[in-house]
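To be precise, the following lines are coords15.tsv, and they hold TSV, N, CA and C atoms.
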```
chain	number	residue	atom	x	y	z
A	1	GLN	N	0.83	-1.19	0.00
A	1	GLN	CA	0.00	0.00	0.00
A	1	GLN	C	0.88	1.25	0.00
A	2	VAL	N	0.53	2.20	-0.83
A	2	VAL	CA	1.26	3.45	-0.92
A	2	VAL	C	0.29	4.59	-0.68
A	3	GLN	N	0.70	5.51	0.15
A	3	GLN	CA	-0.10	6.72	0.35
A	3	GLN	C	0.68	7.92	-0.19
A	4	LEU	N	0.00	8.73	-0.96
A	4	LEU	CA	0.62	9.90	-1.58
A	4	LEU	C	-0.10	11.15	-1.11
A	5	VAL	N	0.66	12.16	-0.76
A	5	VAL	CA	0.08	13.42	-0.28
A	5	VAL	C	0.75	14.57	-1.03
A	6	GLU	N	-0.06	15.34	-1.75
A	6	GLU	CA	0.45	16.49	-2.48
A	6	GLU	C	0.38	17.75	-1.61
A	7	SER	N	1.28	18.67	-1.89
A	7	SER	CA	1.25	19.97	-1.22
A	7	SER	C	1.91	20.99	-2.12
A	8	GLY	N	1.73	22.26	-1.77
A	8	GLY	CA	2.42	23.32	-2.50
A	8	GLY	C	1.55	24.10	-3.47
A	9	GLY	N	0.31	23.71	-3.62
A	9	GLY	CA	-0.57	24.45	-4.52
A	9	GLY	C	-0.92	25.82	-3.96
A	10	GLY	N	-1.56	26.62	-4.79
A	10	GLY	CA	-1.95	27.95	-4.35
A	10	GLY	C	-2.34	28.83	-5.51
A	11	LEU	N	-2.42	30.12	-5.22
A	11	LEU	CA	-2.78	31.13	-6.21
A	11	LEU	C	-1.54	31.91	-6.61
A	12	VAL	N	-1.31	32.03	-7.90
A	12	VAL	CA	-0.14	32.75	-8.40
A	12	VAL	C	-0.52	33.51	-9.66
A	13	GLN	N	0.18	34.60	-9.90
A	13	GLN	CA	-0.07	35.36	-11.12
A	13	GLN	C	0.62	34.70	-12.31
A	14	ALA	N	0.08	34.97	-13.47
A	14	ALA	CA	0.69	34.45	-14.70
A	14	ALA	C	2.15	34.88	-14.77
A	15	GLY	N	2.99	33.95	-15.17
A	15	GLY	CA	4.42	34.20	-15.21
A	15	GLY	C	5.15	33.80	-13.95
A	16	GLY	N	4.40	33.51	-12.91
A	16	GLY	CA	4.99	33.13	-11.63
A	16	GLY	C	5.35	31.66	-11.56
A	17	SER	N	5.77	31.24	-10.38
A	17	SER	CA	6.22	29.87	-10.17
A	17	SER	C	5.58	29.26	-8.92
A	18	LEU	N	5.45	27.97	-8.96
A	18	LEU	CA	5.03	27.19	-7.80
A	18	LEU	C	5.83	25.90	-7.78
A	19	ARG	N	5.97	25.37	-6.59
A	19	ARG	CA	6.68	24.11	-6.42
A	19	ARG	C	5.76	23.15	-5.70
A	20	LEU	N	5.36	22.10	-6.39
A	20	LEU	CA	4.50	21.08	-5.80
A	20	LEU	C	5.34	19.93	-5.28
A	21	SER	N	4.91	19.36	-4.18
A	21	SER	CA	5.58	18.20	-3.61
A	21	SER	C	4.60	17.05	-3.48
A	22	CYS	N	5.13	15.86	-3.64
A	22	CYS	CA	4.36	14.63	-3.45
A	22	CYS	C	5.14	13.79	-2.46
A	23	ALA	N	4.59	13.64	-1.28
A	23	ALA	CA	5.23	12.86	-0.23
A	23	ALA	C	4.59	11.48	-0.17
A	24	ALA	N	5.42	10.46	-0.13
A	24	ALA	CA	4.91	9.09	-0.17
A	24	ALA	C	5.30	8.30	1.05
A	25	SER	N	4.42	7.41	1.44
A	25	SER	CA	4.74	6.47	2.51
A	25	SER	C	5.14	5.15	1.87
A	26	GLY	N	5.81	4.31	2.63
A	26	GLY	CA	6.15	3.01	2.10
A	26	GLY	C	7.62	2.86	1.78
A	27	ARG	N	8.16	1.70	2.09
A	27	ARG	CA	9.59	1.47	1.90
A	27	ARG	C	9.97	1.22	0.46
A	28	THR	N	8.99	0.94	-0.40
A	28	THR	CA	9.29	0.62	-1.79
A	28	THR	C	9.10	1.80	-2.72
A	29	PHE	N	9.02	3.00	-2.17
A	29	PHE	CA	8.79	4.20	-2.98
A	29	PHE	C	9.82	4.31	-4.09
A	30	SER	N	11.07	3.99	-3.80
A	30	SER	CA	12.14	4.17	-4.78
A	30	SER	C	12.00	3.24	-5.98
A	31	SER	N	11.11	2.26	-5.91
A	31	SER	CA	10.92	1.36	-7.04
A	31	SER	C	9.73	1.75	-7.91
A	32	TYR	N	9.07	2.85	-7.56
A	32	TYR	CA	7.88	3.27	-8.29
A	32	TYR	C	8.18	4.41	-9.25
A	33	ILE	N	7.55	4.35	-10.39
A	33	ILE	CA	7.50	5.49	-11.28
A	33	ILE	C	6.43	6.44	-10.73
A	34	ILE	N	6.75	7.71	-10.68
A	34	ILE	CA	5.80	8.69	-10.16
A	34	ILE	C	5.41	9.65	-11.27
A	35	GLY	N	4.12	9.87	-11.39
A	35	GLY	CA	3.61	10.79	-12.39
A	35	GLY	C	2.82	11.91	-11.76
A	36	TRP	N	2.74	13.00	-12.47
A	36	TRP	CA	1.85	14.12	-12.12
A	36	TRP	C	0.79	14.24	-13.22
A	37	PHE	N	-0.44	14.42	-12.77
A	37	PHE	CA	-1.57	14.66	-13.66
A	37	PHE	C	-2.28	15.92	-13.18
A	38	ARG	N	-3.14	16.45	-14.02
A	38	ARG	CA	-3.95	17.59	-13.61
A	38	ARG	C	-5.33	17.49	-14.23
A	39	GLN	N	-6.27	18.11	-13.56
A	39	GLN	CA	-7.63	18.14	-14.07
A	39	GLN	C	-8.24	19.51	-13.82
A	40	ALA	N	-8.58	20.17	-14.91
A	40	ALA	CA	-9.23	21.47	-14.83
A	40	ALA	C	-10.74	21.27	-14.83
A	41	PRO	N	-11.49	22.22	-14.31
A	41	PRO	CA	-12.95	22.09	-14.27
A	41	PRO	C	-13.53	21.85	-15.66
A	42	GLY	N	-14.36	20.83	-15.75
A	42	GLY	CA	-15.01	20.53	-17.02
A	42	GLY	C	-14.14	19.86	-18.04
A	43	LYS	N	-12.92	19.52	-17.66
A	43	LYS	CA	-12.01	18.87	-18.59
A	43	LYS	C	-11.58	17.51	-18.07
A	44	GLU	N	-11.05	16.71	-18.97
A	44	GLU	CA	-10.56	15.40	-18.57
A	44	GLU	C	-9.19	15.54	-17.89
A	45	ARG	N	-8.90	14.58	-17.06
A	45	ARG	CA	-7.59	14.54	-16.44
A	45	ARG	C	-6.52	14.36	-17.51
A	46	GLU	N	-5.41	15.05	-17.37
A	46	GLU	CA	-4.35	14.94	-18.37
A	46	GLU	C	-2.99	14.74	-17.70
A	47	PHE	N	-2.16	14.04	-18.42
A	47	PHE	CA	-0.79	13.77	-17.99
A	47	PHE	C	0.02	15.06	-18.03
A	48	VAL	N	0.89	15.21	-17.02
A	48	VAL	CA	1.77	16.37	-16.97
A	48	VAL	C	3.23	15.95	-17.10
A	49	ALA	N	3.65	15.02	-16.23
A	49	ALA	CA	5.05	14.60	-16.23
A	49	ALA	C	5.18	13.30	-15.47
A	50	ARG	N	6.31	12.61	-15.66
A	50	ARG	CA	6.60	11.43	-14.88
A	50	ARG	C	8.10	11.30	-14.74
A	51	ILE	N	8.51	10.48	-13.75
A	51	ILE	CA	9.93	10.30	-13.48
A	51	ILE	C	10.18	8.85	-13.11
A	52	SER	N	11.32	8.33	-13.55
A	52	SER	CA	11.66	6.94	-13.29
A	52	SER	C	12.13	6.76	-11.85
A	53	TRP	N	12.41	5.51	-11.49
A	53	TRP	CA	12.70	5.16	-10.09
A	53	TRP	C	13.85	5.98	-9.51
A	54	ARG	N	14.91	6.12	-10.25
A	54	ARG	CA	16.08	6.82	-9.73
A	54	ARG	C	16.17	8.25	-10.24
A	55	GLY	N	15.18	8.65	-11.03
A	55	GLY	CA	15.18	10.01	-11.54
A	55	GLY	C	15.97	10.22	-12.80
A	56	GLY	N	16.48	9.15	-13.39
A	56	GLY	CA	17.31	9.31	-14.58
A	56	GLY	C	16.53	9.55	-15.85
A	57	SER	N	15.25	9.23	-15.84
A	57	SER	CA	14.42	9.43	-17.03
A	57	SER	C	13.17	10.21	-16.65
A	58	THR	N	12.81	11.11	-17.53
A	58	THR	CA	11.60	11.91	-17.32
A	58	THR	C	10.85	12.06	-18.63
A	59	ASP	N	9.58	12.32	-18.53
A	59	ASP	CA	8.73	12.62	-19.68
A	59	ASP	C	7.80	13.77	-19.31
A	60	TYR	N	7.49	14.59	-20.29
A	60	TYR	CA	6.62	15.74	-20.06
A	60	TYR	C	5.57	15.85	-21.15
A	61	ALA	N	4.44	16.40	-20.78
A	61	ALA	CA	3.45	16.77	-21.79
A	61	ALA	C	4.01	17.95	-22.58
A	62	ASP	N	3.66	18.02	-23.84
A	62	ASP	CA	4.15	19.12	-24.69
A	62	ASP	C	3.77	20.48	-24.12
A	63	SER	N	2.63	20.54	-23.47
A	63	SER	CA	2.12	21.82	-22.97
A	63	SER	C	2.95	22.39	-21.82
A	64	VAL	N	3.75	21.56	-21.17
A	64	VAL	CA	4.54	22.03	-20.03
A	64	VAL	C	6.04	21.90	-20.26
A	65	LYS	N	6.42	21.30	-21.36
A	65	LYS	CA	7.84	21.08	-21.64
A	65	LYS	C	8.59	22.41	-21.68
A	66	GLY	N	9.70	22.46	-20.97
A	66	GLY	CA	10.49	23.69	-20.92
A	66	GLY	C	10.08	24.62	-19.80
A	67	ARG	N	8.93	24.38	-19.20
A	67	ARG	CA	8.46	25.22	-18.09
A	67	ARG	C	8.43	24.47	-16.76
A	68	PHE	N	8.10	23.19	-16.81
A	68	PHE	CA	7.99	22.36	-15.61
A	68	PHE	C	9.17	21.41	-15.53
A	69	THR	N	9.58	21.11	-14.31
A	69	THR	CA	10.66	20.15	-14.07
A	69	THR	C	10.26	19.22	-12.95
A	70	ILE	N	10.35	17.93	-13.22
A	70	ILE	CA	10.05	16.92	-12.20
A	70	ILE	C	11.36	16.36	-11.67
A	71	SER	N	11.40	16.12	-10.38
A	71	SER	CA	12.59	15.55	-9.75
A	71	SER	C	12.16	14.71	-8.55
A	72	ARG	N	13.07	13.93	-8.02
A	72	ARG	CA	12.72	13.11	-6.87
A	72	ARG	C	13.91	12.96	-5.93
A	73	ASP	N	13.57	12.74	-4.68
A	73	ASP	CA	14.56	12.48	-3.64
A	73	ASP	C	14.09	11.22	-2.93
A	74	ASN	N	14.66	10.09	-3.29
A	74	ASN	CA	14.21	8.82	-2.71
A	74	ASN	C	14.54	8.71	-1.23
A	75	ALA	N	15.55	9.39	-0.79
A	75	ALA	CA	15.89	9.36	0.63
A	75	ALA	C	14.80	10.02	1.47
A	76	LYS	N	14.08	10.95	0.85
A	76	LYS	CA	13.00	11.65	1.55
A	76	LYS	C	11.62	11.20	1.07
A	77	ASN	N	11.59	10.20	0.19
A	77	ASN	CA	10.30	9.72	-0.36
A	77	ASN	C	9.48	10.87	-0.92
A	78	THR	N	10.12	11.70	-1.71
A	78	THR	CA	9.44	12.89	-2.23
A	78	THR	C	9.70	13.08	-3.71
A	79	VAL	N	8.67	13.50	-4.41
A	79	VAL	CA	8.79	13.91	-5.80
A	79	VAL	C	8.31	15.35	-5.89
A	80	THR	N	9.05	16.16	-6.63
A	80	THR	CA	8.75	17.58	-6.74
A	80	THR	C	8.45	17.95	-8.18
A	81	LEU	N	7.50	18.84	-8.34
A	81	LEU	CA	7.19	19.40	-9.65
A	81	LEU	C	7.40	20.91	-9.56
A	82	GLN	N	8.48	21.38	-10.15
A	82	GLN	CA	8.76	22.81	-10.21
A	82	GLN	C	8.08	23.39	-11.44
A	83	MET	N	7.21	24.36	-11.20
A	83	MET	CA	6.43	24.93	-12.29
A	83	MET	C	6.78	26.40	-12.45
A	84	ASN	N	7.35	26.73	-13.58
A	84	ASN	CA	7.74	28.10	-13.88
A	84	ASN	C	6.94	28.65	-15.06
A	85	SER	N	6.97	29.95	-15.21
A	85	SER	CA	6.27	30.61	-16.32
A	85	SER	C	4.83	30.14	-16.41
A	86	LEU	N	4.16	30.14	-15.30
A	86	LEU	CA	2.81	29.62	-15.25
A	86	LEU	C	1.85	30.46	-16.07
A	87	LYS	N	0.87	29.76	-16.64
A	87	LYS	CA	-0.13	30.38	-17.49
A	87	LYS	C	-1.53	30.12	-16.90
A	88	PRO	N	-2.49	30.94	-17.21
A	88	PRO	CA	-3.85	30.68	-16.71
A	88	PRO	C	-4.35	29.29	-17.08
A	89	GLU	N	-3.94	28.78	-18.21
A	89	GLU	CA	-4.40	27.45	-18.63
A	89	GLU	C	-3.76	26.32	-17.82
A	90	ASP	N	-2.82	26.66	-16.94
A	90	ASP	CA	-2.26	25.65	-16.03
A	90	ASP	C	-3.14	25.46	-14.80
A	91	THR	N	-4.15	26.28	-14.66
A	91	THR	CA	-5.06	26.16	-13.52
A	91	THR	C	-5.75	24.81	-13.53
A	92	ALA	N	-5.63	24.09	-12.41
A	92	ALA	CA	-6.19	22.75	-12.30
A	92	ALA	C	-5.91	22.20	-10.91
A	93	VAL	N	-6.51	21.08	-10.62
A	93	VAL	CA	-6.11	20.29	-9.46
A	93	VAL	C	-5.01	19.35	-9.94
A	94	TYR	N	-3.91	19.36	-9.24
A	94	TYR	CA	-2.75	18.54	-9.61
A	94	TYR	C	-2.67	17.33	-8.69
A	95	TYR	N	-2.46	16.17	-9.31
A	95	TYR	CA	-2.39	14.91	-8.59
A	95	TYR	C	-1.06	14.21	-8.88
A	96	CYS	N	-0.50	13.60	-7.86
A	96	CYS	CA	0.61	12.69	-8.13
A	96	CYS	C	0.09	11.26	-8.03
A	97	ALA	N	0.75	10.38	-8.75
A	97	ALA	CA	0.31	9.00	-8.84
A	97	ALA	C	1.51	8.08	-8.96
A	98	ALA	N	1.35	6.87	-8.48
A	98	ALA	CA	2.43	5.89	-8.49
A	98	ALA	C	2.11	4.75	-9.45
A	99	ASP	N	3.07	4.46	-10.30
A	99	ASP	CA	3.00	3.31	-11.20
A	99	ASP	C	3.90	2.24	-10.62
A	100	THR	N	3.31	1.14	-10.15
A	100	THR	CA	4.08	0.09	-9.49
A	100	THR	C	4.46	-1.05	-10.41
A	101	SER	N	4.29	-0.85	-11.72
A	101	SER	CA	4.53	-1.95	-12.67
A	101	SER	C	5.98	-2.35	-12.78
A	102	GLY	N	6.87	-1.42	-12.49
A	102	GLY	CA	8.30	-1.72	-12.65
A	102	GLY	C	8.82	-1.51	-14.06
A	103	SER	N	7.97	-1.06	-14.97
A	103	SER	CA	8.39	-0.89	-16.37
A	103	SER	C	8.24	0.55	-16.82
A	104	TYR	N	9.35	1.17	-17.17
A	104	TYR	CA	9.30	2.55	-17.65
A	104	TYR	C	8.96	2.62	-19.13
A	105	THR	N	8.93	1.50	-19.80
A	105	THR	CA	8.72	1.49	-21.25
A	105	THR	C	7.27	1.22	-21.65
A	106	ARG	N	6.39	1.24	-20.69
A	106	ARG	CA	4.99	1.04	-21.04
A	106	ARG	C	4.54	2.15	-21.98
A	107	PRO	N	3.87	1.80	-23.08
A	107	PRO	CA	3.54	2.84	-24.08
A	107	PRO	C	2.45	3.81	-23.66
A	108	TYR	N	1.59	3.42	-22.75
A	108	TYR	CA	0.46	4.27	-22.40
A	108	TYR	C	0.66	4.93	-21.04
A	109	TYR	N	1.87	5.32	-20.76
A	109	TYR	CA	2.21	5.91	-19.46
A	109	TYR	C	1.46	7.21	-19.19
A	110	TYR	N	0.92	7.81	-20.24
A	110	TYR	CA	0.23	9.08	-20.09
A	110	TYR	C	-1.24	8.89	-19.69
A	111	ARG	N	-1.64	7.65	-19.59
A	111	ARG	CA	-3.02	7.36	-19.21
A	111	ARG	C	-3.12	7.13	-17.71
A	112	GLY	N	-4.11	7.70	-17.12
A	112	GLY	CA	-4.27	7.58	-15.68
A	112	GLY	C	-4.48	6.16	-15.21
A	113	ASP	N	-5.07	5.33	-16.02
A	113	ASP	CA	-5.34	3.95	-15.57
A	113	ASP	C	-4.08	3.08	-15.54
A	114	GLU	N	-2.94	3.64	-15.93
A	114	GLU	CA	-1.67	2.92	-15.80
A	114	GLU	C	-1.08	3.09	-14.40
A	115	TYR	N	-1.70	3.91	-13.58
A	115	TYR	CA	-1.18	4.22	-12.24
A	115	TYR	C	-2.07	3.58	-11.18
A	116	ASP	N	-1.44	3.13	-10.12
A	116	ASP	CA	-2.12	2.31	-9.13
A	116	ASP	C	-2.55	3.07	-7.89
A	117	TYR	N	-1.82	4.10	-7.54
A	117	TYR	CA	-2.13	4.86	-6.34
A	117	TYR	C	-2.14	6.36	-6.67
A	118	TRP	N	-3.04	7.06	-6.00
A	118	TRP	CA	-3.22	8.49	-6.26
A	118	TRP	C	-3.29	9.27	-4.96
A	119	GLY	N	-2.82	10.49	-5.04
A	119	GLY	CA	-3.00	11.40	-3.93
A	119	GLY	C	-4.35	12.10	-4.03
A	120	GLN	N	-4.60	12.98	-3.08
A	120	GLN	CA	-5.90	13.64	-3.03
A	120	GLN	C	-5.95	14.90	-3.87
A	121	GLY	N	-4.80	15.38	-4.31
A	121	GLY	CA	-4.75	16.53	-5.19
A	121	GLY	C	-4.48	17.84	-4.46
A	122	THR	N	-3.92	18.80	-5.19
A	122	THR	CA	-3.68	20.14	-4.66
A	122	THR	C	-4.06	21.15	-5.76
A	123	GLN	N	-4.76	22.19	-5.36
A	123	GLN	CA	-5.28	23.16	-6.32
A	123	GLN	C	-4.20	24.17	-6.70
A	124	VAL	N	-4.07	24.39	-8.00
A	124	VAL	CA	-3.20	25.43	-8.54
A	124	VAL	C	-4.08	26.37	-9.36
A	125	THR	N	-4.02	27.64	-9.00
A	125	THR	CA	-4.79	28.65	-9.71
A	125	THR	C	-3.85	29.75	-10.20
A	126	VAL	N	-3.88	30.00	-11.51
A	126	VAL	CA	-3.02	31.01	-12.12
A	126	VAL	C	-3.92	32.13	-12.64
A	127	SER	N	-3.73	33.31	-12.09
A	127	SER	CA	-4.55	34.44	-12.51
A	127	SER	C	-3.86	35.21	-13.64
A	128	SER	N	-4.69	35.79	-14.50
A	128	SER	CA	-4.14	36.53	-15.65
A	128	SER	C	-3.88	37.98	-15.32
```

Now, as a test, write the supplied structure out as structure tokens.
Amino acid sequence: QVQLVESGGGLVQAGGSLRLSCAASGRTFSSYIIGWFRQAPGKEREFVARISWRGGSTDYADSVKGRFTISRDNAKNTVTLQMNSLKPEDTAVYYCAADTSGSYTRPYYYRGDEYDYWGQGTQVTVSS
């Protein structure tokens, strides 16, 4: 069982930055792929980024590439999403999720149903 807790959301002006954290319980955290997703009101949940077990591999949605950076600290059981140059369209509830499959090469990694555990989410609001 893995428990994930997001934090760091809030209200920021366009062009600003926020740093989201995902804290995980469990001794096997370092073996999980961790992803970030977001869901805006009236829209479907969408993939944002993911990171491999040791942090050596990352993937990003095109919409955030170059602005967001995902990283992890396995000693602290934490994954961080640094969000810079925020835009109003980044407004959403952000969720972290754990993929326990052990395979970073799964082709549908951007789909939420590939992840086994989810946090409760943290709200990010970007004003124009």

* Asked: In chain A, what's strand (DSSP E or B) per DSSP? Answer as an MDAnalysis selection string?
  -> chainID A and resid 4:7 10:13 18:24 33:39 46:51 58:60 68:73 78:83 92:99 117:118 122:127

* **A:Gly112 environment, 8 Å, all atoms listed in the file, sequence neighbours closer than 2 positions dropped, as a ChimeraX atom specification** => /A:37,45-47,108-110,114-116

* Can you tell me how far atom CA of A:Trp36 sits from atom CA of A:Cys22, in Å to one decimal? ->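 That distance, rounded to one decimal, is 9.0 Å.
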
* **Answer as a ChimeraX atom specification, residues within 6.5 Å of (-6.8, 22.2, -8.0) using all atoms listed in the file** => /A:91-94,121-125

Pick out the residues sitting within 6 Å of stretch 48-64 of chain A, and hand them over as a short mmCIF file (atom, residue, chain, number, x, y, z; two decimals) with N, CA and C atoms, keeping the file's coordinate frame; count only C-alpha atoms, and ignore anything fewer than 4 positions along from it in its own chain.
```
data_model
loop_
_atom_site.label_atom_id
_atom_site.label_comp_id
_atom_site.auth_asym_id
_atom_site.auth_seq_id
_atom_site.Cartn_x
_atom_site.Cartn_y
_atom_site.Cartn_z
N SER A 30 11.07 3.99 -3.80
CA SER A 30 12.14 4.17 -4.78
C SER A 30 12.00 3.24 -5.98
N SER A 31 11.11 2.26 -5.91
CA SER A 31 10.92 1.36 -7.04
C SER A 31 9.73 1.75 -7.91
N TYR A 32 9.07 2.85 -7.56
CA TYR A 32 7.88 3.27 -8.29
C TYR A 32 8.18 4.41 -9.25
N ILE A 33 7.55 4.35 -10.39
CA ILE A 33 7.50 5.49 -11.28
C ILE A 33 6.43 6.44 -10.73
N ILE A 34 6.75 7.71 -10.68
CA ILE A 34 5.80 8.69 -10.16
C ILE A 34 5.41 9.65 -11.27
N GLY A 35 4.12 9.87 -11.39
CA GLY A 35 3.61 10.79 -12.39
C GLY A 35 2.82 11.91 -11.76
N TRP A 36 2.74 13.00 -12.47
CA TRP A 36 1.85 14.12 -12.12
C TRP A 36 0.79 14.24 -13.22
N PHE A 37 -0.44 14.42 -12.77
CA PHE A 37 -1.57 14.66 -13.66
C PHE A 37 -2.28 15.92 -13.18
N PHE A 68 8.10 23.19 -16.81
CA PHE A 68 7.99 22.36 -15.61
C PHE A 68 9.17 21.41 -15.53
#
```

* Could you tell me how far atom N of A:Thr105 lies from atom C of A:Ala75, in Å and to one decimal? =>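 Answer for the atom N of A:Thr105 to atom C of A:Ala75 separation: 23.7 Å.
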
* Given all atoms listed in the file as the counted atoms, nearest of A:Tyr117, A:Ser127, A:Gly42, A:Gly66 to A:Asn84 -> A:Gly66

* **All residues 6 Å or closer to A:Leu4, all atoms listed in the file, same chain fewer than 3 positions away omitted, as a count of residues only** => 6

* Which value, in Å to one decimal, gives the distance between atom CA of A:Tyr104 and atom N of A:Asn77? ->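 These atoms are spaced 19.5 Å apart.
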
* Around (3.1, 34.0, -18.3) in the file's frame, which residues reach within 6 Å when counting only C-alpha atoms? Return as an MDAnalysis selection string? -> chainID A and resid 14:15 85:87

Writer output for current selection, N, CA and C atoms, as a PDB file, keeping the file's coordinate frame:
```
ATOM      1  N   ALA A  14       0.080  34.970 -13.470  1.00  0.00           N
ATOM      2  CA  ALA A  14       0.690  34.450 -14.700  1.00  0.00           C
ATOM      3  C   ALA A  14       2.150  34.880 -14.770  1.00  0.00           C
ATOM      4  N   GLY A  15       2.990  33.950 -15.170  1.00  0.00           N
ATOM      5  CA  GLY A  15       4.420  34.200 -15.210  1.00  0.00           C
ATOM      6  C   GLY A  15       5.150  33.800 -13.950  1.00  0.00           C
ATOM      7  N   SER A  85       6.970  29.950 -15.210  1.00  0.00           N
ATOM      8  CA  SER A  85       6.270  30.610 -16.320  1.00  0.00           C
ATOM      9  C   SER A  85       4.830  30.140 -16.410  1.00  0.00           C
ATOM     10  N   LEU A  86       4.160  30.140 -15.300  1.00  0.00           N
ATOM     11  CA  LEU A  86       2.810  29.620 -15.250  1.00  0.00           C
ATOM     12  C   LEU A  86       1.850  30.460 -16.070  1.00  0.00           C
ATOM     13  N   LYS A  87       0.870  29.760 -16.640  1.00  0.00           N
ATOM     14  CA  LYS A  87      -0.130  30.380 -17.490  1.00  0.00           C
ATOM     15  C   LYS A  87      -1.530  30.120 -16.900  1.00  0.00           C
TER      16      LYS A  87
END
```

* **Residue nearest A:Gln3 - candidates A:Val126, A:Ala97, A:Leu20, A:Leu81, atoms counted: only C-alpha atoms** =>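 Ranking A:Val126, A:Ala97, A:Leu20, A:Leu81 by distance to A:Gln3, first place goes to A:Ala97.
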
* To do: Run DSSP on the backbone of this structure and report the residues of stretch 39-95 of chain A it assigns to helix (DSSP H, G or I), as a count of residues only.
  => 6
